[in-house]
Amino acid sequence: MASERIKEFIASSLWGKNLTAEQRRRVDNETSELVASAGQTVCHRGVRSEYWYGVVEGLVKVSNVSRSGRPTTLVGIPAGGWIGEGSVLKNEIRPYDVVALRDSRLALVPASTFHWLLSTSLPFNRFLIDQLNARLAQFVIRVEHSRSFHPDRHVAHCLAELFNTALYPGTATTLQISQEEIAFLAGVSRQLANRALRRLEDEKLLQVSYGSIRIINVEALRTFASNPED
DNA sequence: TCATTAAATTGTT
DNA sequence: AACAATTTAATGA
């Protein structure tokens with residue numbers, strides 16, 4: 001049985017709020033909670049995907065360590081976001097690690113519950129389509145950026161995605177994250193991330209401080225990512 | 001509460 | 001990648 005905290009999280013989530021009372025009762029019953037401390041791997045690569053994860057508070061990343069030991073972060077998920085539906089849908093071995101970037105609280109929806117929702121709830125399906133579509137758009141833009149070397153734009157885009165209110169309604173304007181992690185997230189060097197952040201601060205799009213950033217204008221950040229004035 | 005030290009993060013080459 | 005500078009957290013008087 002989920003804690004009050006988790007119940008509230010589900011009830012206010014983009015898909016949970018549209019379930020019937022009966023459906024929500026079942027989800028509440030079957031969802032569990034996981035508290036992860038900073039740096040902890042929530043779910044290891046190579047394990048069969050048993051859960052769909054919701055980020056109640058904190059920040060997690062989906063990452064991969066190459067054979068040569070180089071870490072690559074594919075996507076960051078702040079509070080309010082959901083992750084892991086791809087593997088649960090395909091019932092496959094999880095291809096990536098899910099790691100907590102700082103102390104985080106997660107909601108664990110079992111794969112069986114997930115599939116039941118998929119076959120009974122139209123709003124749930126709608127949410128999944130929106131989520132997958134948003135991810136697709138995110139990666140399409142990334143491919144575009146990877147072909148033209150514009151690290152400032154790219155970092156701006158990655159940050160804007162992190163503050164995407166359509167995907168992560170719970171995200172506050174301030175996020176605790178180091179510049180090093182932002183660099184991993186954007187797939188650029190720390191130097192470039194540092195340079196981009198100060199450029200974006202100059203443009204009054206965000207404010208950087210020790211170990212955290214505050215977004216001042218998400219829309220402008222998005223615009224900057226696609227329409228730089230340089 | 002304050003000073004000292006270690007650890008984390010940032011700035012620079 | 002390496003190093004220096006800065007900020008925060010932890011410790012103990």
# chains A, B, ... in the order shown; residues from 1 in each chain; ligands from 1
$ interface_residues --of "chain A" --to "chain B" --cutoff "10 Å" --atoms "only C-alpha atoms (C1' of nucleotides)" --output "PDB file with C-alpha atoms, in the first residue's frame"
ATOM      1  CA  SER A 178      26.233  20.602 -10.595  1.00  0.00           C
ATOM      2  CA  GLN A 179      27.694  21.951 -13.798  1.00  0.00           C
ATOM      3  CA  GLU A 180      29.465  18.647 -14.210  1.00  0.00           C
ATOM      4  CA  ARG A 190      32.416  20.643 -18.409  1.00  0.00           C
ATOM      5  CA  GLN A 191      34.233  23.646 -19.842  1.00  0.00           C
ATOM      6  CA  ASN A 194      30.387  26.241 -17.878  1.00  0.00           C
ATOM      7  CA  ARG A 195      30.765  28.640 -20.774  1.00  0.00           C
ATOM      8  CA  SER A 209      24.899  29.544  -8.239  1.00  0.00           C
ATOM      9  CA  TYR A 210      26.981  27.031  -6.357  1.00  0.00           C
ATOM     10  CA  GLY A 211      25.554  23.592  -7.032  1.00  0.00           C
TER      11      GLY A 211
END
$ select_by_dssp --residues "range 3-174 of chain A" --states "strand (DSSP E or B)" --output "PyMOL selection string"
chain A and resi 32-36+41-43+48+51-65+71-78+82-83+93+97-110+174
$ closest_residue --among "A:Glu4, A:Trp15, A:Val27, A:Ala220" --to "Pro123 in chain A" --atoms "only C-alpha atoms"
A:Trp15
$ residues_around --residues "range 55-59 of chain A" --least-positions-apart "3" --cutoff "7 Å" --atoms "only C-alpha atoms (C1' of nucleotides)" --output "PDB file with N, CA and C atoms, in the first residue's frame"
ATOM      1  N   PHE A   9       1.014  11.995  -4.908  1.00  0.00           N
ATOM      2  CA  PHE A   9       1.810  12.175  -6.120  1.00  0.00           C
ATOM      3  C   PHE A   9       1.092  11.594  -7.337  1.00  0.00           C
ATOM      4  N   ILE A  77      15.644  13.312 -15.392  1.00  0.00           N
ATOM      5  CA  ILE A  77      14.222  13.405 -15.070  1.00  0.00           C
ATOM      6  C   ILE A  77      14.042  14.048 -13.697  1.00  0.00           C
ATOM      7  N   PRO A  78      13.439  15.239 -13.671  1.00  0.00           N
ATOM      8  CA  PRO A  78      13.208  15.911 -12.390  1.00  0.00           C
ATOM      9  C   PRO A  78      11.895  15.450 -11.769  1.00  0.00           C
ATOM     10  N   ALA A  79      11.580  16.013 -10.620  1.00  0.00           N
ATOM     11  CA  ALA A  79      10.343  15.651  -9.925  1.00  0.00           C
ATOM     12  C   ALA A  79       9.136  15.824 -10.840  1.00  0.00           C
ATOM     13  N   GLY A  80       8.230  14.873 -10.781  1.00  0.00           N
ATOM     14  CA  GLY A  80       7.030  14.939 -11.605  1.00  0.00           C
ATOM     15  C   GLY A  80       7.134  14.095 -12.864  1.00  0.00           C
ATOM     16  N   GLY A  81       8.356  13.622 -13.159  1.00  0.00           N
ATOM     17  CA  GLY A  81       8.559  12.868 -14.385  1.00  0.00           C
ATOM     18  C   GLY A  81       8.446  11.362 -14.187  1.00  0.00           C
ATOM     19  N   TRP A  82       8.265  10.668 -15.302  1.00  0.00           N
ATOM     20  CA  TRP A  82       8.162   9.199 -15.280  1.00  0.00           C
ATOM     21  C   TRP A  82       9.176   8.615 -16.245  1.00  0.00           C
ATOM     22  N   ALA A 100      20.190   8.072  -9.115  1.00  0.00           N
ATOM     23  CA  ALA A 100      19.729   9.288  -8.434  1.00  0.00           C
ATOM     24  C   ALA A 100      20.871  10.291  -8.393  1.00  0.00           C
ATOM     25  N   LEU A 101      20.632  11.484  -8.880  1.00  0.00           N
ATOM     26  CA  LEU A 101      21.677  12.509  -8.880  1.00  0.00           C
ATOM     27  C   LEU A 101      21.782  13.177  -7.520  1.00  0.00           C
ATOM     28  N   ARG A 102      20.675  13.182  -6.807  1.00  0.00           N
ATOM     29  CA  ARG A 102      20.721  13.628  -5.423  1.00  0.00           C
ATOM     30  C   ARG A 102      19.623  12.900  -4.678  1.00  0.00           C
ATOM     31  N   ASP A 103      19.526  13.109  -3.388  1.00  0.00           N
ATOM     32  CA  ASP A 103      18.538  12.387  -2.602  1.00  0.00           C
ATOM     33  C   ASP A 103      17.179  12.495  -3.278  1.00  0.00           C
ATOM     34  N   SER A 104      16.588  11.350  -3.552  1.00  0.00           N
ATOM     35  CA  SER A 104      15.352  11.336  -4.323  1.00  0.00           C
ATOM     36  C   SER A 104      14.349  10.354  -3.738  1.00  0.00           C
ATOM     37  N   ARG A 105      13.103  10.572  -4.092  1.00  0.00           N
ATOM     38  CA  ARG A 105      12.029   9.682  -3.667  1.00  0.00           C
ATOM     39  C   ARG A 105      11.294   9.226  -4.919  1.00  0.00           C
ATOM     40  N   LEU A 106      11.157   7.905  -5.074  1.00  0.00           N
ATOM     41  CA  LEU A 106      10.551   7.388  -6.301  1.00  0.00           C
ATOM     42  C   LEU A 106       9.298   6.579  -6.014  1.00  0.00           C
ATOM     43  N   ALA A 107       8.380   6.619  -6.976  1.00  0.00           N
ATOM     44  CA  ALA A 107       7.198   5.765  -6.923  1.00  0.00           C
ATOM     45  C   ALA A 107       7.429   4.606  -7.881  1.00  0.00           C
TER      46      ALA A 107
END
$ residues_around --residues "Asp97 in chain A" --least-positions-apart "5" --cutoff "10 Å" --atoms "only C-alpha atoms (C1' of nucleotides)" --output "list in words"
Thr41, Val42, Cys43, His44, Arg45, Gly46, Val47, Lys61, Val62, Ser63, Asn64, Val65 and Thr73 of chain A
$ interface_residues --of "chain C" --to "chain A" --cutoff "10 Å" --atoms "only C-alpha atoms (C1' of nucleotides)" --output "number ranges by chain"
C: 6-8
$ write_last_selection --atoms "C-alpha atoms (C1' of nucleotides)" --output "PDB file, in the first residue's frame"
ATOM      1  C1'  DT C   6      35.920  29.281  -4.251  1.00  0.00           C
ATOM      2  C1'  DT C   7      31.871  27.632  -1.668  1.00  0.00           C
ATOM      3  C1'  DT C   8      29.737  24.577   1.406  1.00  0.00           C
TER       4       DT C   8
END
$ residues_around --residues "Arg199 in chain A" --least-positions-apart "4" --cutoff "12 Å" --atoms "only C-alpha atoms (C1' of nucleotides)" --output "list in words"
Pro151, Asp152, Arg153, Val155, Ala156, Leu192, Ala193, Asn194, Arg195, Glu203, Lys204, Leu205, Leu206, Gln207, Val208, Leu221, Phe224, Pro228, Glu229 and Asp230 of chain A
$ atom_distance --atom1 "CA of Thr72 in chain A" --atom2 "CA of Phe184 in chain A"
6.2 Å
$ residues_around --residues "His154 in chain A" --least-positions-apart "3" --cutoff "8 Å" --atoms "only C-alpha atoms (C1' of nucleotides)" --output "number ranges by chain"
A: 142, 145, 150-151, 157-158, 186, 225
$ write_last_selection --atoms "N, CA, C and O atoms" --output "mmCIF file, in the first residue's frame"
data_model
loop_
_atom_site.group_PDB
_atom_site.id
_atom_site.type_symbol
_atom_site.label_atom_id
_atom_site.label_comp_id
_atom_site.auth_asym_id
_atom_site.auth_seq_id
_atom_site.Cartn_x
_atom_site.Cartn_y
_atom_site.Cartn_z
ATOM 1 N N ARG A 142 18.100 16.916 -30.550
ATOM 2 C CA ARG A 142 19.473 16.576 -30.190
ATOM 3 C C ARG A 142 20.298 16.178 -31.412
ATOM 4 O O ARG A 142 21.457 16.544 -31.539
ATOM 5 N N HIS A 145 21.243 19.188 -33.255
ATOM 6 C CA HIS A 145 22.336 19.907 -32.598
ATOM 7 C C HIS A 145 23.671 19.208 -32.765
ATOM 8 O O HIS A 145 24.710 19.846 -32.855
ATOM 9 N N HIS A 150 26.900 23.749 -31.808
ATOM 10 C CA HIS A 150 26.432 24.910 -31.062
ATOM 11 C C HIS A 150 26.169 24.511 -29.618
ATOM 12 O O HIS A 150 25.017 24.324 -29.224
ATOM 13 N N PRO A 151 27.236 24.369 -28.849
ATOM 14 C CA PRO A 151 27.070 23.869 -27.479
ATOM 15 C C PRO A 151 26.150 24.748 -26.631
ATOM 16 O O PRO A 151 25.401 24.216 -25.806
ATOM 17 N N HIS A 157 18.872 23.860 -24.705
ATOM 18 C CA HIS A 157 17.782 22.925 -25.003
ATOM 19 C C HIS A 157 17.619 21.870 -23.927
ATOM 20 O O HIS A 157 16.509 21.580 -23.481
ATOM 21 N N CYS A 158 18.744 21.298 -23.495
ATOM 22 C CA CYS A 158 18.685 20.264 -22.461
ATOM 23 C C CYS A 158 18.087 20.798 -21.167
ATOM 24 O O CYS A 158 17.296 20.128 -20.511
ATOM 25 N N ALA A 186 24.150 17.048 -21.204
ATOM 26 C CA ALA A 186 24.138 17.631 -22.552
ATOM 27 C C ALA A 186 25.149 16.936 -23.459
ATOM 28 O O ALA A 186 25.164 17.159 -24.669
ATOM 29 N N ALA A 225 17.480 28.137 -27.787
ATOM 30 C CA ALA A 225 17.971 26.857 -28.285
ATOM 31 C C ALA A 225 17.775 26.710 -29.792
ATOM 32 O O ALA A 225 18.567 26.063 -30.465
#
$ atom_distance --atom1 "CA of Thr165 in chain A" --atom2 "CA of His115 in chain A"
25.8 Å
$ closest_residue --among "A:Ala172, A:Leu167, A:Ile215, A:Leu197" --to "Leu14 in chain A" --atoms "only C-alpha atoms"
A:Leu167
$ select_by_dssp --residues "range 103-157 of chain A" --states "helix (DSSP H, G or I)" --output "PyMOL selection string"
chain A and resi 111-120+122-147+151-157
$ atom_distance --atom1 "CA of Tyr53 in chain A" --atom2 "CA of Ser32 in chain A"
10.0 Å
$ decode --residues "range 5-46 of chain A" --atoms "N, CA and C atoms" --output "mmCIF file, in the first residue's frame"
data_model
loop_
_atom_site.group_PDB
_atom_site.id
_atom_site.type_symbol
_atom_site.label_atom_id
_atom_site.label_comp_id
_atom_site.auth_asym_id
_atom_site.auth_seq_id
_atom_site.Cartn_x
_atom_site.Cartn_y
_atom_site.Cartn_z
ATOM 1 N N ARG A 5 2.052 10.141 0.803
ATOM 2 C CA ARG A 5 2.893 10.955 -0.079
ATOM 3 C C ARG A 5 2.806 10.462 -1.523
ATOM 4 N N ILE A 6 2.920 9.140 -1.662
ATOM 5 C CA ILE A 6 2.877 8.548 -2.997
ATOM 6 C C ILE A 6 1.480 8.665 -3.605
ATOM 7 N N LYS A 7 0.466 8.414 -2.784
ATOM 8 C CA LYS A 7 -0.916 8.534 -3.262
ATOM 9 C C LYS A 7 -1.170 9.919 -3.816
ATOM 10 N N GLU A 8 -0.712 10.894 -3.066
ATOM 11 C CA GLU A 8 -0.916 12.282 -3.483
ATOM 12 C C GLU A 8 -0.187 12.552 -4.797
ATOM 13 N N PHE A 9 1.014 11.995 -4.908
ATOM 14 C CA PHE A 9 1.810 12.175 -6.120
ATOM 15 C C PHE A 9 1.092 11.594 -7.337
ATOM 16 N N ILE A 10 0.570 10.391 -7.170
ATOM 17 C CA ILE A 10 -0.139 9.740 -8.265
ATOM 18 C C ILE A 10 -1.412 10.520 -8.610
ATOM 19 N N ALA A 11 -2.137 10.924 -7.583
ATOM 20 C CA ALA A 11 -3.405 11.631 -7.798
ATOM 21 C C ALA A 11 -3.197 12.941 -8.547
ATOM 22 N N SER A 12 -2.023 13.556 -8.364
ATOM 23 C CA SER A 12 -1.789 14.849 -9.014
ATOM 24 C C SER A 12 -0.969 14.711 -10.294
ATOM 25 N N SER A 13 -0.558 13.459 -10.621
ATOM 26 C CA SER A 13 0.229 13.282 -11.838
ATOM 27 C C SER A 13 -0.647 13.440 -13.077
ATOM 28 N N LEU A 14 -0.015 13.653 -14.206
ATOM 29 C CA LEU A 14 -0.731 13.925 -15.443
ATOM 30 C C LEU A 14 -1.685 12.799 -15.843
ATOM 31 N N TRP A 15 -1.311 11.579 -15.541
ATOM 32 C CA TRP A 15 -2.189 10.459 -15.903
ATOM 33 C C TRP A 15 -3.085 10.049 -14.738
ATOM 34 N N GLY A 16 -2.526 10.122 -13.519
ATOM 35 C CA GLY A 16 -3.268 9.645 -12.345
ATOM 36 C C GLY A 16 -4.523 10.438 -12.067
ATOM 37 N N LYS A 17 -4.469 11.731 -12.388
ATOM 38 C CA LYS A 17 -5.623 12.573 -12.053
ATOM 39 C C LYS A 17 -6.835 12.255 -12.921
ATOM 40 N N ASN A 18 -6.601 11.534 -14.016
ATOM 41 C CA ASN A 18 -7.712 11.207 -14.899
ATOM 42 C C ASN A 18 -8.209 9.768 -14.756
ATOM 43 N N LEU A 19 -7.706 9.061 -13.750
ATOM 44 C CA LEU A 19 -8.182 7.693 -13.530
ATOM 45 C C LEU A 19 -9.503 7.743 -12.767
ATOM 46 N N THR A 20 -10.255 6.659 -12.852
ATOM 47 C CA THR A 20 -11.452 6.564 -12.021
ATOM 48 C C THR A 20 -10.994 6.268 -10.599
ATOM 49 N N ALA A 21 -11.874 6.499 -9.647
ATOM 50 C CA ALA A 21 -11.519 6.262 -8.240
ATOM 51 C C ALA A 21 -11.111 4.810 -8.035
ATOM 52 N N GLU A 22 -11.805 3.942 -8.740
ATOM 53 C CA GLU A 22 -11.541 2.511 -8.595
ATOM 54 C C GLU A 22 -10.151 2.161 -9.144
ATOM 55 N N GLN A 23 -9.854 2.729 -10.295
ATOM 56 C CA GLN A 23 -8.544 2.481 -10.896
ATOM 57 C C GLN A 23 -7.434 3.003 -9.995
ATOM 58 N N ARG A 24 -7.659 4.201 -9.466
ATOM 59 C CA ARG A 24 -6.621 4.787 -8.631
ATOM 60 C C ARG A 24 -6.395 3.975 -7.365
ATOM 61 N N ARG A 25 -7.470 3.390 -6.868
ATOM 62 C CA ARG A 25 -7.345 2.578 -5.656
ATOM 63 C C ARG A 25 -6.407 1.409 -5.916
ATOM 64 N N ARG A 26 -6.577 0.793 -7.087
ATOM 65 C CA ARG A 26 -5.715 -0.350 -7.403
ATOM 66 C C ARG A 26 -4.260 0.098 -7.561
ATOM 67 N N VAL A 27 -4.057 1.221 -8.242
ATOM 68 C CA VAL A 27 -2.698 1.718 -8.425
ATOM 69 C C VAL A 27 -2.070 2.045 -7.065
ATOM 70 N N ASP A 28 -2.838 2.697 -6.207
ATOM 71 C CA ASP A 28 -2.343 3.015 -4.861
ATOM 72 C C ASP A 28 -1.922 1.758 -4.119
ATOM 73 N N ASN A 29 -2.724 0.714 -4.275
ATOM 74 C CA ASN A 29 -2.448 -0.534 -3.578
ATOM 75 C C ASN A 29 -1.163 -1.196 -4.036
ATOM 76 N N GLU A 30 -0.874 -1.056 -5.305
ATOM 77 C CA GLU A 30 0.243 -1.831 -5.862
ATOM 78 C C GLU A 30 1.536 -1.045 -6.024
ATOM 79 N N THR A 31 1.441 0.263 -5.824
ATOM 80 C CA THR A 31 2.633 1.092 -5.992
ATOM 81 C C THR A 31 3.416 1.182 -4.688
ATOM 82 N N SER A 32 4.716 1.045 -4.805
ATOM 83 C CA SER A 32 5.551 1.146 -3.613
ATOM 84 C C SER A 32 6.474 2.349 -3.739
ATOM 85 N N GLU A 33 7.257 2.558 -2.719
ATOM 86 C CA GLU A 33 8.077 3.757 -2.644
ATOM 87 C C GLU A 33 9.533 3.365 -2.473
ATOM 88 N N LEU A 34 10.409 4.155 -3.055
ATOM 89 C CA LEU A 34 11.838 3.896 -2.896
ATOM 90 C C LEU A 34 12.547 5.210 -2.636
ATOM 91 N N VAL A 35 13.280 5.246 -1.530
ATOM 92 C CA VAL A 35 14.053 6.442 -1.218
ATOM 93 C C VAL A 35 15.496 6.148 -1.589
ATOM 94 N N ALA A 36 16.042 6.962 -2.466
ATOM 95 C CA ALA A 36 17.413 6.754 -2.924
ATOM 96 C C ALA A 36 18.277 7.938 -2.508
ATOM 97 N N SER A 37 19.483 7.635 -2.049
ATOM 98 C CA SER A 37 20.374 8.734 -1.688
ATOM 99 C C SER A 37 21.199 9.125 -2.907
ATOM 100 N N ALA A 38 21.775 10.299 -2.849
ATOM 101 C CA ALA A 38 22.528 10.840 -3.979
ATOM 102 C C ALA A 38 23.587 9.860 -4.459
ATOM 103 N N GLY A 39 23.625 9.614 -5.743
ATOM 104 C CA GLY A 39 24.632 8.738 -6.318
ATOM 105 C C GLY A 39 24.213 7.282 -6.396
ATOM 106 N N GLN A 40 23.127 6.943 -5.737
ATOM 107 C CA GLN A 40 22.679 5.554 -5.708
ATOM 108 C C GLN A 40 22.062 5.141 -7.046
ATOM 109 N N THR A 41 22.406 3.928 -7.475
ATOM 110 C CA THR A 41 21.796 3.399 -8.686
ATOM 111 C C THR A 41 20.483 2.743 -8.313
ATOM 112 N N VAL A 42 19.401 3.308 -8.814
ATOM 113 C CA VAL A 42 18.064 2.830 -8.471
ATOM 114 C C VAL A 42 17.790 1.506 -9.148
ATOM 115 N N CYS A 43 18.262 1.392 -10.364
ATOM 116 C CA CYS A 43 17.966 0.218 -11.156
ATOM 117 C C CYS A 43 19.142 -0.039 -12.080
ATOM 118 N N HIS A 44 19.738 -1.209 -11.976
ATOM 119 C CA HIS A 44 20.920 -1.510 -12.758
ATOM 120 C C HIS A 44 20.585 -2.006 -14.145
ATOM 121 N N ARG A 45 21.468 -1.663 -15.041
ATOM 122 C CA ARG A 45 21.368 -2.177 -16.392
ATOM 123 C C ARG A 45 21.491 -3.696 -16.352
ATOM 124 N N GLY A 46 20.749 -4.366 -17.218
ATOM 125 C CA GLY A 46 20.873 -5.820 -17.282
ATOM 126 C C GLY A 46 19.848 -6.561 -16.447
#
